[in-house]
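A.B. asks: Structure provided below as structure tokens; questions to follow.
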Amino acid sequence: MTGVPASAAGGASGARRAAAGAGAAASASSVAPVTPGAAAGHSAARSADGGTPGAGPGASSDVGHGEAAAAAPGADEAVSGEDADFDAQGEGKTPRGGKIAAAAVNQASVWNIANLLTMLRLVLVPAFVALMLTDGGYDPAWRSLAWAAFAVAMITDLFDGHLARTYNLVTDFGKIADPIADKAIMGAALICLSALGDLPWWVTGVILGRELGITLLRFLVIRYGVIPASRGGKLKTLIQGVAVGMYVLALTGWLATLRFWVMAAAVVLTVVTGLDYVKQAIVLRRQGIAERKAALEEKEA
């Protein structure tokens, strides 16, 4: 018998066995052996991304960043994507709580030094009344304490407005509370003095009537402009404070006579400055009406 290949000698079954053997050899040759360098790169990549527990501290130092990235390219892309998102959120976008934080800062600005002084003056009003009327209102010791409360309130009145304008601390609360605190402490002192018989009621009526009337007048003409505080008005406030303070104290002798004349000067300044404010309000209103009329005529033309 002549020499025949084994596959031919086996027929169809031999051919199938030969084909199967060739496929197995091809699949085995396609699997590349894992070299120590590749293993080190894989280990370094895992260490760079957090690694597995138990990896040595020098595992990532032996392999450069480029080799680690080559071993695990997807990990580097994922980290880069997270950094890009973080940078976009931190630089290009406003954090969600930004508006809330800004609102909180604006709300907290109400608690500035100027408004705190105004609040202190409001708190001193009932304290002053209680001290003034203790033991019938004629005890010199309690009257001295009441004078101290009144003095603190008047001194804070000199500073809160100045601080608000100088350091840009003007708030809506201050605009409303400051004049209320001023009128409250002065009105409480005048009413207590008149109720105790130390000051005629007509003096209290003139001063409080002027203060309330001018405040109402300011609101009525505010659509045309603001009536500025005059030097006479500031002097009136100072003399009123001194006069009322002297009446709060239990003074006798020449000091009692002096306080009478100081109060008389305060009443005169109260009336004169009140009339001046009325004059300014009338002029301001006329100017405002004339300006509006001229604007309408120009618009129609």
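Ordered as shown in the structure tokens, chains take letters A, B, and onward, while each chain numbers its residues from 1 and ligands are numbered from 1 in the order shown.
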Would you write out, as JSON lines, a table of all residues in range 191-267 of chain A that have an atom no more than 9 Å from an atom of range 149-159 of chain A, listing for each the closest atom pair and the distance in Å to one decimal, considering only C-alpha atoms and ordering rows by chain and rising residue number?
C.D. replies:
```
{"residue": "A:Leu238", "atom": "CA", "partner": "A:Met154", "partner_atom": "CA", "distance": 8.8}
{"residue": "A:Gly241", "atom": "CA", "partner": "A:Met154", "partner_atom": "CA", "distance": 6.9}
{"residue": "A:Val242", "atom": "CA", "partner": "A:Ala151", "partner_atom": "CA", "distance": 9.0}
{"residue": "A:Gly245", "atom": "CA", "partner": "A:Phe150", "partner_atom": "CA", "distance": 7.1}
{"residue": "A:Val248", "atom": "CA", "partner": "A:Phe150", "partner_atom": "CA", "distance": 8.7}
```
A.B. asks: Keeping C-alpha atoms, export the residues of the selection given above as a compact mmCIF listing (two decimals), in the first residue's frame.
C.D. replies:
```
# COMPACT_ATOMS: atom_id res chain seq x y z
CA LEU A 238 -30.37 119.24 70.97
CA GLY A 241 -33.03 116.88 74.79
CA VAL A 242 -31.13 119.06 77.24
CA GLY A 245 -33.20 115.87 80.61
CA VAL A 248 -36.23 114.57 84.46
```
A.B. asks: Applying 6 Å and only C-alpha atoms, which residues near range 263-271 of chain A remain after dropping the ones on its own chain fewer than 4 positions away? List them as a tab-separated table (two decimals) with N, CA, C and O atoms, in the first residue's frame.
C.D. replies:
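Result file around_24.tsv:
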```tsv
chain	number	residue	atom	x	y	z
A	236	LYS	N	-32.77	122.45	67.48
A	236	LYS	CA	-34.00	122.22	68.25
A	236	LYS	C	-33.97	120.88	68.96
A	236	LYS	O	-34.32	120.78	70.15
A	239	ILE	N	-31.53	121.13	71.96
A	239	ILE	CA	-32.05	121.92	73.09
A	239	ILE	C	-33.21	121.19	73.75
A	239	ILE	O	-33.34	121.21	74.99
A	240	GLN	N	-34.05	120.55	72.97
A	240	GLN	CA	-35.15	119.76	73.55
A	240	GLN	C	-34.60	118.67	74.45
A	240	GLN	O	-35.10	118.47	75.57
A	243	ALA	N	-33.24	120.21	77.68
A	243	ALA	CA	-34.30	120.72	78.54
A	243	ALA	C	-35.09	119.59	79.21
A	243	ALA	O	-35.32	119.63	80.43
```
A.B. asks: Show which residues sit within 12 Å of Leu217 in chain A, as a ChimeraX atom specification. Count only C-alpha atoms, and ignore same-chain residues fewer than 2 positions away.
C.D. replies: /A:209-215,219-227,274-275,277-282,284-285
A.B. asks: Measure the distance from CA of Gly288 in chain A to CA of His162 in chain A in Å and round it to one decimal.
C.D. replies: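 Interatomic distance here is 28.8 Å.
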A.B. asks: Could you pull the residues within 9 Å of Pro126 in chain A, counting only C-alpha atoms, minus those fewer than 5 positions along the same chain, as an mmCIF file with N, CA and C atoms, in the first residue's frame?
C.D. replies:
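Result file is part-v8.cif:
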```cif
data_model
loop_
_atom_site.group_PDB
_atom_site.id
_atom_site.type_symbol
_atom_site.label_atom_id
_atom_site.label_comp_id
_atom_site.auth_asym_id
_atom_site.auth_seq_id
_atom_site.Cartn_x
_atom_site.Cartn_y
_atom_site.Cartn_z
ATOM 1 N N LEU A 131 -38.707 103.434 85.274
ATOM 2 C CA LEU A 131 -37.833 104.113 86.233
ATOM 3 C C LEU A 131 -38.399 105.473 86.638
ATOM 4 N N ILE A 185 -39.225 108.099 72.626
ATOM 5 C CA ILE A 185 -38.506 108.445 73.855
ATOM 6 C C ILE A 185 -38.832 109.871 74.288
ATOM 7 N N ALA A 188 -42.545 109.907 75.525
ATOM 8 C CA ALA A 188 -42.677 109.262 76.834
ATOM 9 C C ALA A 188 -42.185 110.174 77.939
#
```
A.B. asks: Please identify all polymer residues within 9 Å of Arg143 in chain A, counting only C-alpha atoms, omitting same-chain residues fewer than 6 positions from it, and present them as a PyMOL selection string.
C.D. replies: chain A and resi 131-134+137+248-250
A.B. asks: For the residues in the current selection, export all heavy atoms as an mmCIF file, in the first residue's frame.
C.D. replies:
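Here's the written file again-v7.cif:
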```cif
data_model
loop_
_atom_site.group_PDB
_atom_site.id
_atom_site.type_symbol
_atom_site.label_atom_id
_atom_site.label_comp_id
_atom_site.auth_asym_id
_atom_site.auth_seq_id
_atom_site.Cartn_x
_atom_site.Cartn_y
_atom_site.Cartn_z
ATOM 1 N N LEU A 131 -38.707 103.434 85.274
ATOM 2 C CA LEU A 131 -37.833 104.113 86.233
ATOM 3 C C LEU A 131 -38.399 105.473 86.638
ATOM 4 O O LEU A 131 -38.293 105.880 87.806
ATOM 5 C CB LEU A 131 -36.434 104.299 85.624
ATOM 6 C CG LEU A 131 -35.632 103.029 85.367
ATOM 7 C CD1 LEU A 131 -34.376 103.336 84.552
ATOM 8 C CD2 LEU A 131 -35.266 102.356 86.684
ATOM 9 N N MET A 132 -39.004 106.150 85.704
ATOM 10 C CA MET A 132 -39.536 107.491 85.979
ATOM 11 C C MET A 132 -40.700 107.461 86.953
ATOM 12 O O MET A 132 -40.848 108.365 87.795
ATOM 13 C CB MET A 132 -39.977 108.122 84.651
ATOM 14 C CG MET A 132 -40.341 109.585 84.752
ATOM 15 S SD MET A 132 -38.885 110.611 84.984
ATOM 16 C CE MET A 132 -39.667 112.236 85.026
ATOM 17 N N LEU A 133 -41.526 106.435 86.885
ATOM 18 C CA LEU A 133 -42.745 106.389 87.699
ATOM 19 C C LEU A 133 -42.595 105.537 88.955
ATOM 20 O O LEU A 133 -43.569 105.352 89.686
ATOM 21 C CB LEU A 133 -43.901 105.853 86.855
ATOM 22 C CG LEU A 133 -44.242 106.673 85.599
ATOM 23 C CD1 LEU A 133 -45.392 106.031 84.844
ATOM 24 C CD2 LEU A 133 -44.560 108.121 85.960
ATOM 25 N N THR A 134 -41.411 105.008 89.219
ATOM 26 C CA THR A 134 -41.203 104.194 90.418
ATOM 27 C C THR A 134 -41.329 105.057 91.683
ATOM 28 O O THR A 134 -40.829 106.193 91.711
ATOM 29 C CB THR A 134 -39.815 103.525 90.375
ATOM 30 O OG1 THR A 134 -39.735 102.699 89.202
ATOM 31 C CG2 THR A 134 -39.587 102.661 91.605
ATOM 32 N N GLY A 137 -42.777 108.555 91.318
ATOM 33 C CA GLY A 137 -42.117 109.446 90.373
ATOM 34 C C GLY A 137 -41.371 110.604 90.994
ATOM 35 O O GLY A 137 -40.934 111.505 90.266
ATOM 36 N N VAL A 248 -36.176 115.924 83.907
ATOM 37 C CA VAL A 248 -36.231 114.566 84.459
ATOM 38 C C VAL A 248 -35.487 114.498 85.789
ATOM 39 O O VAL A 248 -35.928 113.841 86.739
ATOM 40 C CB VAL A 248 -35.636 113.560 83.448
ATOM 41 C CG1 VAL A 248 -35.466 112.189 84.091
ATOM 42 C CG2 VAL A 248 -36.543 113.444 82.221
ATOM 43 N N LEU A 249 -34.349 115.195 85.882
ATOM 44 C CA LEU A 249 -33.607 115.241 87.141
ATOM 45 C C LEU A 249 -34.365 116.079 88.176
ATOM 46 O O LEU A 249 -35.052 117.044 87.840
ATOM 47 C CB LEU A 249 -32.224 115.835 86.916
ATOM 48 C CG LEU A 249 -31.227 114.975 86.130
ATOM 49 C CD1 LEU A 249 -29.972 115.778 85.810
ATOM 50 C CD2 LEU A 249 -30.874 113.723 86.915
ATOM 51 N N ALA A 250 -34.217 115.697 89.416
ATOM 52 C CA ALA A 250 -34.869 116.436 90.506
ATOM 53 C C ALA A 250 -33.980 117.616 90.892
ATOM 54 O O ALA A 250 -33.268 117.590 91.909
ATOM 55 C CB ALA A 250 -35.124 115.506 91.691
#
```
A.B. asks: Neighbours of Leu117 in chain A within 12 Å (only C-alpha atoms; same-chain residues fewer than 2 positions away dropped), as a PyMOL selection string?
C.D. replies: chain A and resi 110-115+119-124+152-164+174+177-178+181-182
A.B. asks: Calculate how many Å separate CA of Val170 in chain A from CA of Ser109 in chain A, rounding to one decimal.
C.D. replies: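 Rounded to one decimal, the two atoms are 9.4 Å apart.
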A.B. asks: When distances are computed from only C-alpha atoms, which of A:Tyr138, A:Ala229, A:Pro179, A:Thr166 shows the smallest separation from Gly197 in chain A?
C.D. replies: A:Tyr138
A.B. asks: Kindly give the distance, in Å, that separates CA of Ile176 in chain A and CA of Trp202 in chain A, rounded to a single decimal.
C.D. replies: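 Straight-line distance from CA of Ile176 in chain A to CA of Trp202 in chain A works out to 27.9 Å.
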